[in-house]
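Data block below; observations after.
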Amino acid sequence: MKIDPNLCILCRGRGFCGLSYCPVLSKAKAQLKLRKVEASRVIEGSSPPAVFVGRYGYPYVRVGASTPPLTGDTSLYDYPEKWLSLKIDDVLDFRWSLITGFTVNQVRMVDNPLVENMRLMVMSAKPVDVYIEVSKPPRPVITFDEHLPPMGPRSPLEKVKLIGNPSIPRAVDKVVSDRDLEAEKAVLKLYSDGIPVSHIQKIFSIGALGVKGQRRLVPTRWSITAVDYIISRNLLKNVKRYDVLTEIQVYEHRIYGNLFVAILYPEKWSYEWMEAWWPGSTWNPLSTSVVVEGDYEGYKGRDTYPGIGGCYYASMLATLEHLNKVRKQATAILLREIYPSFNIPIGVWFVRESVRTMFSKPPVLKTTSIEEVRSYLDTNTKLGAIKWFSSSKLIRRIITGKKITDFLERGSDCLRLFKSSNREQ
């Protein structure tokens, strides 16, 4: 979306452009903080904590520690579970204020002293005071990514030192110290002990989990989806043991120029995630029509990576958390509409936390009729029921498919008629 500069002068942050954030104010806030270090090679601050592992050049990747140039409670700067209660402007302000000092490292070299300091930092549940020395002043570059929260300036790293003592939860210390515990089991142990998913993803990424000799750095982008996937598949084992819902339930959540809808249908587990991108939104900037994409899986799951990306598993995790909580099984169809006011990628955390919030509220519709679901979609979504129904493979399967019990019931009727006919003869 191209914004008229004159509109910014008139608007002054009041939202006249229709965007879900103000790019002018967000950039200005970040620049005020960054002026302290714009010509400096030393950054001292309280890391949330935050680290980043790149994927380009794998197995030689960039790994870096991040901190804003200020001390105190900076936990919100890298805590996605708390971001939905904030404005996007505030999240951008946090992220653009983080300065990253990075070094290039072979993924198996997890004992590099620089990496070891980052690992100690990331294990902490609270901000850690750090001293970061870089080879040249940080470049004021802002990076956006579909999977990751926005990232601020960065520079090659010379030194990273922890000034304060990290506050490491006992559960984290235990799994990191266990050199015989497989990484997948370590992830599940941390999750069951109540460690936030975003914290687990960082610990997983920095090479702190797994069997001795097999630990390695995992690009942040990959670690986010890997942790979502591992936890989801474990939750699904429980969900498949539960009874099926007895009714159709529809949930809804609107936020930041997005509409999320979940349809829980009373059948055994299957899952579908669909997105409708309006012209001018993040991944549909040039088209003149709405683009709908999605992926799905049946009861036995899928054996290929979903083309729709990491949002598939981020939304699935939140959905399975809900089903596990209510101890029910269902076919879950999740729909998302993205409007032009949402035109920057801010990471899959946004999907995970939005779906979690959606399921924390009561359903907006309970019914036994798919026709009432159709009426709801026509009334409450911009795309409408016809387009959503025709685009969704699982909805089409529900409408047109026949279960084996249907044929058994029909067969029983035929058998009764046949016996009755024979008696009359």
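Starting from 1 in every chain, residues are counted up; chains themselves are A, B, ... following the order of the structure tokens, and ligands are numbered from 1 as listed.
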
If we count only C-alpha atoms, what is near Val128 of chain A at a cut-off of 12 Å, once residues fewer than 2 positions away on the same chain are taken out, given as a PDB file with N, CA, C and O atoms, in the first residue's frame?
ATOM      1  N   GLU A  44      25.591  -2.035  25.698  1.00  0.00           N
ATOM      2  CA  GLU A  44      25.307  -2.581  27.014  1.00  0.00           C
ATOM      3  C   GLU A  44      23.819  -2.447  27.279  1.00  0.00           C
ATOM      4  O   GLU A  44      23.246  -1.376  27.092  1.00  0.00           O
ATOM      5  N   GLY A  45      23.218  -3.533  27.679  1.00  0.00           N
ATOM      6  CA  GLY A  45      21.783  -3.506  27.931  1.00  0.00           C
ATOM      7  C   GLY A  45      21.322  -4.792  28.586  1.00  0.00           C
ATOM      8  O   GLY A  45      22.129  -5.665  28.927  1.00  0.00           O
ATOM      9  N   SER A  46      20.018  -4.897  28.744  1.00  0.00           N
ATOM     10  CA  SER A  46      19.410  -6.092  29.329  1.00  0.00           C
ATOM     11  C   SER A  46      18.758  -6.884  28.204  1.00  0.00           C
ATOM     12  O   SER A  46      17.744  -6.454  27.645  1.00  0.00           O
ATOM     13  N   SER A  47      19.357  -8.034  27.875  1.00  0.00           N
ATOM     14  CA  SER A  47      18.785  -8.877  26.825  1.00  0.00           C
ATOM     15  C   SER A  47      17.531  -9.550  27.369  1.00  0.00           C
ATOM     16  O   SER A  47      17.518 -10.022  28.510  1.00  0.00           O
ATOM     17  N   PRO A  48      16.442  -9.662  26.566  1.00  0.00           N
ATOM     18  CA  PRO A  48      15.134 -10.141  27.067  1.00  0.00           C
ATOM     19  C   PRO A  48      15.081 -11.511  27.750  1.00  0.00           C
ATOM     20  O   PRO A  48      14.210 -11.644  28.612  1.00  0.00           O
ATOM     21  N   PRO A  49      15.843 -12.564  27.391  1.00  0.00           N
ATOM     22  CA  PRO A  49      16.965 -12.666  26.459  1.00  0.00           C
ATOM     23  C   PRO A  49      16.500 -12.975  25.039  1.00  0.00           C
ATOM     24  O   PRO A  49      15.390 -13.477  24.842  1.00  0.00           O
ATOM     25  N   ALA A  50      17.387 -12.703  24.071  1.00  0.00           N
ATOM     26  CA  ALA A  50      17.057 -12.938  22.672  1.00  0.00           C
ATOM     27  C   ALA A  50      18.300 -13.362  21.903  1.00  0.00           C
ATOM     28  O   ALA A  50      19.373 -12.777  22.078  1.00  0.00           O
ATOM     29  N   ALA A  65      23.577 -12.647  19.504  1.00  0.00           N
ATOM     30  CA  ALA A  65      22.876 -12.238  20.722  1.00  0.00           C
ATOM     31  C   ALA A  65      22.294 -10.851  20.503  1.00  0.00           C
ATOM     32  O   ALA A  65      22.918  -9.997  19.865  1.00  0.00           O
ATOM     33  N   SER A  66      21.104 -10.605  21.041  1.00  0.00           N
ATOM     34  CA  SER A  66      20.412  -9.334  20.825  1.00  0.00           C
ATOM     35  C   SER A  66      20.056  -8.664  22.142  1.00  0.00           C
ATOM     36  O   SER A  66      19.674  -9.327  23.107  1.00  0.00           O
ATOM     37  N   THR A  67      20.165  -7.345  22.153  1.00  0.00           N
ATOM     38  CA  THR A  67      19.758  -6.568  23.323  1.00  0.00           C
ATOM     39  C   THR A  67      19.398  -5.156  22.896  1.00  0.00           C
ATOM     40  O   THR A  67      19.966  -4.633  21.929  1.00  0.00           O
ATOM     41  N   PRO A  68      18.458  -4.527  23.577  1.00  0.00           N
ATOM     42  CA  PRO A  68      18.243  -3.092  23.350  1.00  0.00           C
ATOM     43  C   PRO A  68      19.312  -2.321  24.122  1.00  0.00           C
ATOM     44  O   PRO A  68      19.870  -2.841  25.095  1.00  0.00           O
ATOM     45  N   LEU A  70      19.450  -0.459  26.558  1.00  0.00           N
ATOM     46  CA  LEU A  70      18.915   0.033  27.831  1.00  0.00           C
ATOM     47  C   LEU A  70      18.819  -1.139  28.802  1.00  0.00           C
ATOM     48  O   LEU A  70      18.786  -2.304  28.403  1.00  0.00           O
ATOM     49  N   THR A  71      18.797  -0.815  30.082  1.00  0.00           N
ATOM     50  CA  THR A  71      18.741  -1.857  31.114  1.00  0.00           C
ATOM     51  C   THR A  71      17.400  -1.813  31.844  1.00  0.00           C
ATOM     52  O   THR A  71      16.702  -0.796  31.827  1.00  0.00           O
ATOM     53  N   GLY A  72      17.088  -2.910  32.490  1.00  0.00           N
ATOM     54  CA  GLY A  72      15.821  -3.008  33.218  1.00  0.00           C
ATOM     55  C   GLY A  72      15.041  -4.220  32.757  1.00  0.00           C
ATOM     56  O   GLY A  72      15.592  -5.175  32.206  1.00  0.00           O
ATOM     57  N   ASP A  73      13.736  -4.166  32.958  1.00  0.00           N
ATOM     58  CA  ASP A  73      12.880  -5.278  32.558  1.00  0.00           C
ATOM     59  C   ASP A  73      12.537  -5.151  31.075  1.00  0.00           C
ATOM     60  O   ASP A  73      11.596  -4.444  30.691  1.00  0.00           O
ATOM     61  N   THR A  74      13.293  -5.826  30.248  1.00  0.00           N
ATOM     62  CA  THR A  74      13.077  -5.793  28.794  1.00  0.00           C
ATOM     63  C   THR A  74      12.417  -7.082  28.301  1.00  0.00           C
ATOM     64  O   THR A  74      12.461  -7.376  27.097  1.00  0.00           O
ATOM     65  N   SER A  75      11.826  -7.849  29.186  1.00  0.00           N
ATOM     66  CA  SER A  75      11.293  -9.167  28.816  1.00  0.00           C
ATOM     67  C   SER A  75      10.299  -9.096  27.659  1.00  0.00           C
ATOM     68  O   SER A  75      10.249  -9.999  26.818  1.00  0.00           O
ATOM     69  N   ASN A 117      28.223 -18.528  25.820  1.00  0.00           N
ATOM     70  CA  ASN A 117      27.685 -17.367  26.544  1.00  0.00           C
ATOM     71  C   ASN A 117      26.249 -17.070  26.110  1.00  0.00           C
ATOM     72  O   ASN A 117      25.394 -16.725  26.941  1.00  0.00           O
ATOM     73  N   MET A 118      25.984 -17.196  24.807  1.00  0.00           N
ATOM     74  CA  MET A 118      24.623 -16.978  24.324  1.00  0.00           C
ATOM     75  C   MET A 118      23.676 -18.036  24.884  1.00  0.00           C
ATOM     76  O   MET A 118      22.519 -17.743  25.211  1.00  0.00           O
ATOM     77  N   ARG A 119      24.164 -19.276  25.002  1.00  0.00           N
ATOM     78  CA  ARG A 119      23.331 -20.345  25.515  1.00  0.00           C
ATOM     79  C   ARG A 119      22.952 -20.093  26.977  1.00  0.00           C
ATOM     80  O   ARG A 119      21.795 -20.260  27.367  1.00  0.00           O
ATOM     81  N   LEU A 120      23.912 -19.666  27.775  1.00  0.00           N
ATOM     82  CA  LEU A 120      23.624 -19.326  29.165  1.00  0.00           C
ATOM     83  C   LEU A 120      22.599 -18.196  29.242  1.00  0.00           C
ATOM     84  O   LEU A 120      21.685 -18.215  30.065  1.00  0.00           O
ATOM     85  N   MET A 121      22.769 -17.220  28.374  1.00  0.00           N
ATOM     86  CA  MET A 121      21.869 -16.073  28.349  1.00  0.00           C
ATOM     87  C   MET A 121      20.448 -16.509  28.012  1.00  0.00           C
ATOM     88  O   MET A 121      19.477 -16.130  28.677  1.00  0.00           O
ATOM     89  N   VAL A 122      20.314 -17.376  26.991  1.00  0.00           N
ATOM     90  CA  VAL A 122      18.997 -17.784  26.501  1.00  0.00           C
ATOM     91  C   VAL A 122      18.280 -18.728  27.458  1.00  0.00           C
ATOM     92  O   VAL A 122      17.046 -18.802  27.470  1.00  0.00           O
ATOM     93  N   MET A 123      19.018 -19.422  28.291  1.00  0.00           N
ATOM     94  CA  MET A 123      18.388 -20.318  29.267  1.00  0.00           C
ATOM     95  C   MET A 123      17.655 -19.544  30.346  1.00  0.00           C
ATOM     96  O   MET A 123      16.774 -20.083  31.018  1.00  0.00           O
ATOM     97  N   SER A 124      17.968 -18.271  30.507  1.00  0.00           N
ATOM     98  CA  SER A 124      17.379 -17.461  31.560  1.00  0.00           C
ATOM     99  C   SER A 124      15.909 -17.153  31.285  1.00  0.00           C
ATOM    100  O   SER A 124      15.505 -16.905  30.145  1.00  0.00           O
ATOM    101  N   ALA A 125      15.116 -17.160  32.340  1.00  0.00           N
ATOM    102  CA  ALA A 125      13.697 -16.814  32.232  1.00  0.00           C
ATOM    103  C   ALA A 125      13.464 -15.320  32.403  1.00  0.00           C
ATOM    104  O   ALA A 125      12.357 -14.831  32.189  1.00  0.00           O
ATOM    105  N   LYS A 126      14.522 -14.584  32.787  1.00  0.00           N
ATOM    106  CA  LYS A 126      14.415 -13.143  33.001  1.00  0.00           C
ATOM    107  C   LYS A 126      15.512 -12.428  32.212  1.00  0.00           C
ATOM    108  O   LYS A 126      16.505 -13.052  31.817  1.00  0.00           O
ATOM    109  N   VAL A 130      23.974  -7.676  29.640  1.00  0.00           N
ATOM    110  CA  VAL A 130      25.049  -8.169  28.786  1.00  0.00           C
ATOM    111  C   VAL A 130      25.905  -7.020  28.258  1.00  0.00           C
ATOM    112  O   VAL A 130      25.460  -5.871  28.167  1.00  0.00           O
ATOM    113  N   TYR A 131      27.122  -7.380  27.915  1.00  0.00           N
ATOM    114  CA  TYR A 131      28.066  -6.464  27.272  1.00  0.00           C
ATOM    115  C   TYR A 131      28.374  -7.060  25.909  1.00  0.00           C
ATOM    116  O   TYR A 131      28.881  -8.180  25.798  1.00  0.00           O
ATOM    117  N   VAL A 160      30.813 -11.146  23.550  1.00  0.00           N
ATOM    118  CA  VAL A 160      29.568 -11.076  24.299  1.00  0.00           C
ATOM    119  C   VAL A 160      29.835 -11.618  25.694  1.00  0.00           C
ATOM    120  O   VAL A 160      30.386 -12.698  25.853  1.00  0.00           O
ATOM    121  N   LYS A 161      29.486 -10.825  26.692  1.00  0.00           N
ATOM    122  CA  LYS A 161      29.770 -11.210  28.070  1.00  0.00           C
ATOM    123  C   LYS A 161      28.545 -10.933  28.934  1.00  0.00           C
ATOM    124  O   LYS A 161      27.912  -9.883  28.815  1.00  0.00           O
ATOM    125  N   LEU A 162      28.225 -11.897  29.772  1.00  0.00           N
ATOM    126  CA  LEU A 162      27.117 -11.722  30.706  1.00  0.00           C
ATOM    127  C   LEU A 162      27.615 -10.956  31.922  1.00  0.00           C
ATOM    128  O   LEU A 162      28.574 -11.359  32.582  1.00  0.00           O
ATOM    129  N   ILE A 163      26.960  -9.826  32.195  1.00  0.00           N
ATOM    130  CA  ILE A 163      27.332  -9.014  33.354  1.00  0.00           C
ATOM    131  C   ILE A 163      26.580  -9.498  34.593  1.00  0.00           C
ATOM    132  O   ILE A 163      27.144  -9.601  35.681  1.00  0.00           O
ATOM    133  N   GLY A 164      25.323  -9.800  34.405  1.00  0.00           N
ATOM    134  CA  GLY A 164      24.520 -10.310  35.512  1.00  0.00           C
ATOM    135  C   GLY A 164      24.416 -11.822  35.453  1.00  0.00           C
ATOM    136  O   GLY A 164      24.841 -12.466  34.482  1.00  0.00           O
ATOM    137  N   ASN A 165      23.851 -12.420  36.493  1.00  0.00           N
ATOM    138  CA  ASN A 165      23.657 -13.861  36.540  1.00  0.00           C
ATOM    139  C   ASN A 165      22.314 -14.231  35.923  1.00  0.00           C
ATOM    140  O   ASN A 165      21.286 -13.644  36.275  1.00  0.00           O
ATOM    141  N   PRO A 166      22.306 -15.196  35.005  1.00  0.00           N
ATOM    142  CA  PRO A 166      21.030 -15.616  34.405  1.00  0.00           C
ATOM    143  C   PRO A 166      20.152 -16.319  35.427  1.00  0.00           C
ATOM    144  O   PRO A 166      20.638 -17.044  36.296  1.00  0.00           O
ATOM    145  N   SER A 167      18.841 -16.102  35.313  1.00  0.00           N
ATOM    146  CA  SER A 167      17.868 -16.760  36.193  1.00  0.00           C
ATOM    147  C   SER A 167      17.325 -17.979  35.451  1.00  0.00           C
ATOM    148  O   SER A 167      16.357 -17.883  34.693  1.00  0.00           O
ATOM    149  N   ILE A 168      17.958 -19.126  35.656  1.00  0.00           N
ATOM    150  CA  ILE A 168      17.640 -20.329  34.883  1.00  0.00           C
ATOM    151  C   ILE A 168      16.653 -21.208  35.650  1.00  0.00           C
ATOM    152  O   ILE A 168      16.961 -21.662  36.759  1.00  0.00           O
TER     153      ILE A 168
END

Using only C-alpha atoms: which of A:Ile263, A:Met109, A:Val63, A:Ala330 has the shortest distance to Val373 of chain A: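 Once distances to Val373 of chain A are computed over only C-alpha atoms, the minimum belongs to A:Ile263.
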
With distances taken over only C-alpha atoms, which residue among A:Val290, A:Ala318, A:Ile308, A:Ile248 lies nearest Thr357 of chain A? A:Ala318

Top pick for closest residue to Asp93 of chain A, considering A:Gly152, A:Val110, A:Ile195, A:Lys366 and counting only C-alpha atoms: A:Gly152

May I have all residues of segment 132-375 of chain A that DSSP, computed from the backbone, assigns to strand (DSSP E), given as a PyMOL selection string? chain A and resi 132-134+154-162+248-255+258-265+270-277+291-297+331-338+365-367

Where in segment 159-200 of chain A does DSSP assign helix (DSSP H, G or I), given as a list in words?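 Reading the DSSP output for segment 159-200 of chain A, helix (DSSP H, G or I) covers Arg170, Ala171, Val172, Asp173, Lys174, Val175, Val176, Ser177, Ala183, Glu184, Lys185, Ala186, Val187, Leu188, Lys189, Leu190, Tyr191, Ser192, Val197, Ser198, His199 and Ile200 of chain A.
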
Atom CA of Arg327 of chain A to atom CA of Asp243 of chain A, straight-line distance in Å: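 Atom CA of Arg327 of chain A lies at a distance of 7.6 Å from atom CA of Asp243 of chain A.
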
Contacts between segment 233-240 of chain A and segment 264-297 of chain A, please, where a residue of segment 264-297 of chain A counts if it comes within 12 Å (with only C-alpha atoms); show its shortest atom pair and distance in Å to one decimal, rows by chain and ascending number, as JSON lines.
{"residue": "A:Glu267", "atom": "CA", "partner": "A:Lys240", "partner_atom": "CA", "distance": 10.9}
{"residue": "A:Lys268", "atom": "CA", "partner": "A:Lys240", "partner_atom": "CA", "distance": 7.6}
{"residue": "A:Trp269", "atom": "CA", "partner": "A:Lys240", "partner_atom": "CA", "distance": 6.8}
{"residue": "A:Ser270", "atom": "CA", "partner": "A:Lys240", "partner_atom": "CA", "distance": 10.2}
{"residue": "A:Tyr271", "atom": "CA", "partner": "A:Leu236", "partner_atom": "CA", "distance": 11.1}

Would you mind exporting the chosen residues as a PDB file, in the first residue's frame, restricted to N, CA, C and O atoms?
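Once written, result-v3.pdb looks like this:
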ATOM      1  N   GLU A 267     -16.515 -34.980  14.099  1.00  0.00           N
ATOM      2  CA  GLU A 267     -15.951 -36.157  13.435  1.00  0.00           C
ATOM      3  C   GLU A 267     -14.566 -36.409  14.027  1.00  0.00           C
ATOM      4  O   GLU A 267     -14.021 -35.559  14.741  1.00  0.00           O
ATOM      5  N   LYS A 268     -13.966 -37.543  13.701  1.00  0.00           N
ATOM      6  CA  LYS A 268     -12.619 -37.828  14.164  1.00  0.00           C
ATOM      7  C   LYS A 268     -11.637 -36.804  13.612  1.00  0.00           C
ATOM      8  O   LYS A 268     -11.922 -36.102  12.643  1.00  0.00           O
ATOM      9  N   TRP A 269     -10.467 -36.748  14.226  1.00  0.00           N
ATOM     10  CA  TRP A 269      -9.485 -35.718  13.914  1.00  0.00           C
ATOM     11  C   TRP A 269      -9.128 -35.643  12.432  1.00  0.00           C
ATOM     12  O   TRP A 269      -8.815 -36.638  11.771  1.00  0.00           O
ATOM     13  N   SER A 270      -9.202 -34.469  11.914  1.00  0.00           N
ATOM     14  CA  SER A 270      -8.560 -34.054  10.669  1.00  0.00           C
ATOM     15  C   SER A 270      -8.421 -32.549  10.800  1.00  0.00           C
ATOM     16  O   SER A 270      -9.031 -31.923  11.674  1.00  0.00           O
ATOM     17  N   TYR A 271      -7.590 -31.958   9.964  1.00  0.00           N
ATOM     18  CA  TYR A 271      -7.242 -30.555  10.201  1.00  0.00           C
ATOM     19  C   TYR A 271      -7.039 -29.823   8.886  1.00  0.00           C
ATOM     20  O   TYR A 271      -6.482 -30.381   7.926  1.00  0.00           O
TER      21      TYR A 271
END

Could you tell me how far atom CA of Leu190 of chain A lies from atom CA of Ala171 of chain A, in Å and to one decimal?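 Pair atom CA of Leu190 of chain A / atom CA of Ala171 of chain A returns 6.5 Å.
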
Just the residues within 12 Å of Val134 of chain A, please, counting only C-alpha atoms, with nothing from its chain fewer than 4 positions along; format it as a VMD selection string. chain A and resid 37 39 to 44 64 to 66 99 to 103 138 to 139 153 to 161

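With only C-alpha atoms as the atoms that count, the minimum distance from Tyr191 of chain A to the choices A:Arg55, A:Val292, A:Glu321, A:Pro127 is reached by A:Glu321.
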
When you look at Tyr339 of chain A with a cut-off of 10 Å (counting only C-alpha atoms), what residues show up, excluding the ones that are within fewer than 2 positions of it in the same chain? I need them as an mmCIF file with N, CA, C and O atoms, in the first residue's frame.
data_model
loop_
_atom_site.group_PDB
_atom_site.id
_atom_site.type_symbol
_atom_site.label_atom_id
_atom_site.label_comp_id
_atom_site.auth_asym_id
_atom_site.auth_seq_id
_atom_site.Cartn_x
_atom_site.Cartn_y
_atom_site.Cartn_z
ATOM 1 N N LEU A 19 -4.031 1.460 8.188
ATOM 2 C CA LEU A 19 -3.114 0.401 8.604
ATOM 3 C C LEU A 19 -3.327 0.066 10.074
ATOM 4 O O LEU A 19 -3.839 0.874 10.841
ATOM 5 N N SER A 20 -2.914 -1.156 10.447
ATOM 6 C CA SER A 20 -3.079 -1.591 11.830
ATOM 7 C C SER A 20 -1.946 -1.102 12.725
ATOM 8 O O SER A 20 -1.877 -1.459 13.890
ATOM 9 N N TYR A 256 -6.020 -6.661 14.547
ATOM 10 C CA TYR A 256 -5.016 -6.110 13.632
ATOM 11 C C TYR A 256 -5.354 -6.319 12.149
ATOM 12 O O TYR A 256 -4.496 -6.696 11.348
ATOM 13 N N GLY A 257 -6.580 -6.111 11.743
ATOM 14 C CA GLY A 257 -6.911 -6.303 10.332
ATOM 15 C C GLY A 257 -6.941 -7.762 9.926
ATOM 16 O O GLY A 257 -6.728 -8.094 8.754
ATOM 17 N N ASN A 258 -7.197 -8.656 10.872
ATOM 18 C CA ASN A 258 -7.309 -10.092 10.612
ATOM 19 C C ASN A 258 -8.598 -10.627 11.227
ATOM 20 O O ASN A 258 -9.011 -10.175 12.288
ATOM 21 N N LEU A 259 -9.186 -11.613 10.568
ATOM 22 C CA LEU A 259 -10.309 -12.360 11.125
ATOM 23 C C LEU A 259 -9.912 -13.832 11.182
ATOM 24 O O LEU A 259 -9.505 -14.410 10.168
ATOM 25 N N ALA A 276 -7.041 -16.318 3.414
ATOM 26 C CA ALA A 276 -7.527 -15.494 2.303
ATOM 27 C C ALA A 276 -6.860 -14.127 2.400
ATOM 28 O O ALA A 276 -7.096 -13.391 3.362
ATOM 29 N N TRP A 277 -6.022 -13.816 1.412
ATOM 30 C CA TRP A 277 -5.254 -12.559 1.425
ATOM 31 C C TRP A 277 -5.902 -11.537 0.502
ATOM 32 O O TRP A 277 -6.031 -11.758 -0.697
ATOM 33 N N TRP A 278 -6.298 -10.398 1.089
ATOM 34 C CA TRP A 278 -6.903 -9.317 0.313
ATOM 35 C C TRP A 278 -5.826 -8.538 -0.447
ATOM 36 O O TRP A 278 -4.667 -8.477 0.005
ATOM 37 N N PRO A 279 -6.162 -7.957 -1.590
ATOM 38 C CA PRO A 279 -5.190 -7.119 -2.302
ATOM 39 C C PRO A 279 -4.652 -6.013 -1.393
ATOM 40 O O PRO A 279 -5.430 -5.345 -0.697
ATOM 41 N N GLY A 280 -3.340 -5.837 -1.379
ATOM 42 C CA GLY A 280 -2.726 -4.819 -0.530
ATOM 43 C C GLY A 280 -2.251 -5.351 0.800
ATOM 44 O O GLY A 280 -1.562 -4.657 1.543
ATOM 45 N N SER A 281 -2.621 -6.613 1.142
ATOM 46 C CA SER A 281 -2.132 -7.208 2.387
ATOM 47 C C SER A 281 -0.724 -7.761 2.170
ATOM 48 O O SER A 281 -0.188 -7.740 1.058
ATOM 49 N N THR A 282 -0.118 -8.284 3.220
ATOM 50 C CA THR A 282 1.308 -8.609 3.220
ATOM 51 C C THR A 282 1.763 -9.401 2.005
ATOM 52 O O THR A 282 2.689 -9.001 1.296
ATOM 53 N N ASN A 284 -0.003 -10.312 -0.673
ATOM 54 C CA ASN A 284 -0.791 -10.112 -1.891
ATOM 55 C C ASN A 284 -0.787 -8.626 -2.260
ATOM 56 O O ASN A 284 -1.836 -7.990 -2.357
ATOM 57 N N VAL A 290 -8.776 -11.378 -4.277
ATOM 58 C CA VAL A 290 -8.453 -12.126 -3.071
ATOM 59 C C VAL A 290 -7.840 -13.474 -3.463
ATOM 60 O O VAL A 290 -8.333 -14.150 -4.370
ATOM 61 N N ARG A 336 -8.709 -17.904 7.960
ATOM 62 C CA ARG A 336 -8.152 -16.600 8.310
ATOM 63 C C ARG A 336 -8.318 -15.639 7.126
ATOM 64 O O ARG A 336 -7.954 -15.975 6.003
ATOM 65 N N GLU A 337 -8.882 -14.477 7.401
ATOM 66 C CA GLU A 337 -8.968 -13.420 6.395
ATOM 67 C C GLU A 337 -7.995 -12.310 6.773
ATOM 68 O O GLU A 337 -8.000 -11.842 7.921
ATOM 69 N N SER A 341 -5.129 -3.532 5.707
ATOM 70 C CA SER A 341 -4.509 -2.787 6.808
ATOM 71 C C SER A 341 -3.394 -3.581 7.481
ATOM 72 O O SER A 341 -2.588 -3.025 8.235
ATOM 73 N N PHE A 342 -3.319 -4.888 7.201
ATOM 74 C CA PHE A 342 -2.261 -5.742 7.752
ATOM 75 C C PHE A 342 -1.285 -6.015 6.613
ATOM 76 O O PHE A 342 -1.472 -6.942 5.837
ATOM 77 N N ASN A 343 -0.236 -5.206 6.516
ATOM 78 C CA ASN A 343 0.622 -5.304 5.337
ATOM 79 C C ASN A 343 2.101 -5.497 5.654
ATOM 80 O O ASN A 343 2.969 -5.169 4.848
ATOM 81 N N LYS A 382 -15.957 -11.656 5.083
ATOM 82 C CA LYS A 382 -16.017 -10.876 3.842
ATOM 83 C C LYS A 382 -15.990 -11.776 2.616
ATOM 84 O O LYS A 382 -16.537 -11.437 1.572
#

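Counting from atom CA of Ile224 of chain A, the distance to atom CA of Gln201 of chain A is 5.5 Å.
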
Hey, which of A:Ser391, A:Gln106, A:Thr220, A:Thr367 ends up closest to Tyr265 of chain A? Count only C-alpha atoms.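 Answer, going by the shortest atom-to-atom distance: A:Thr367.
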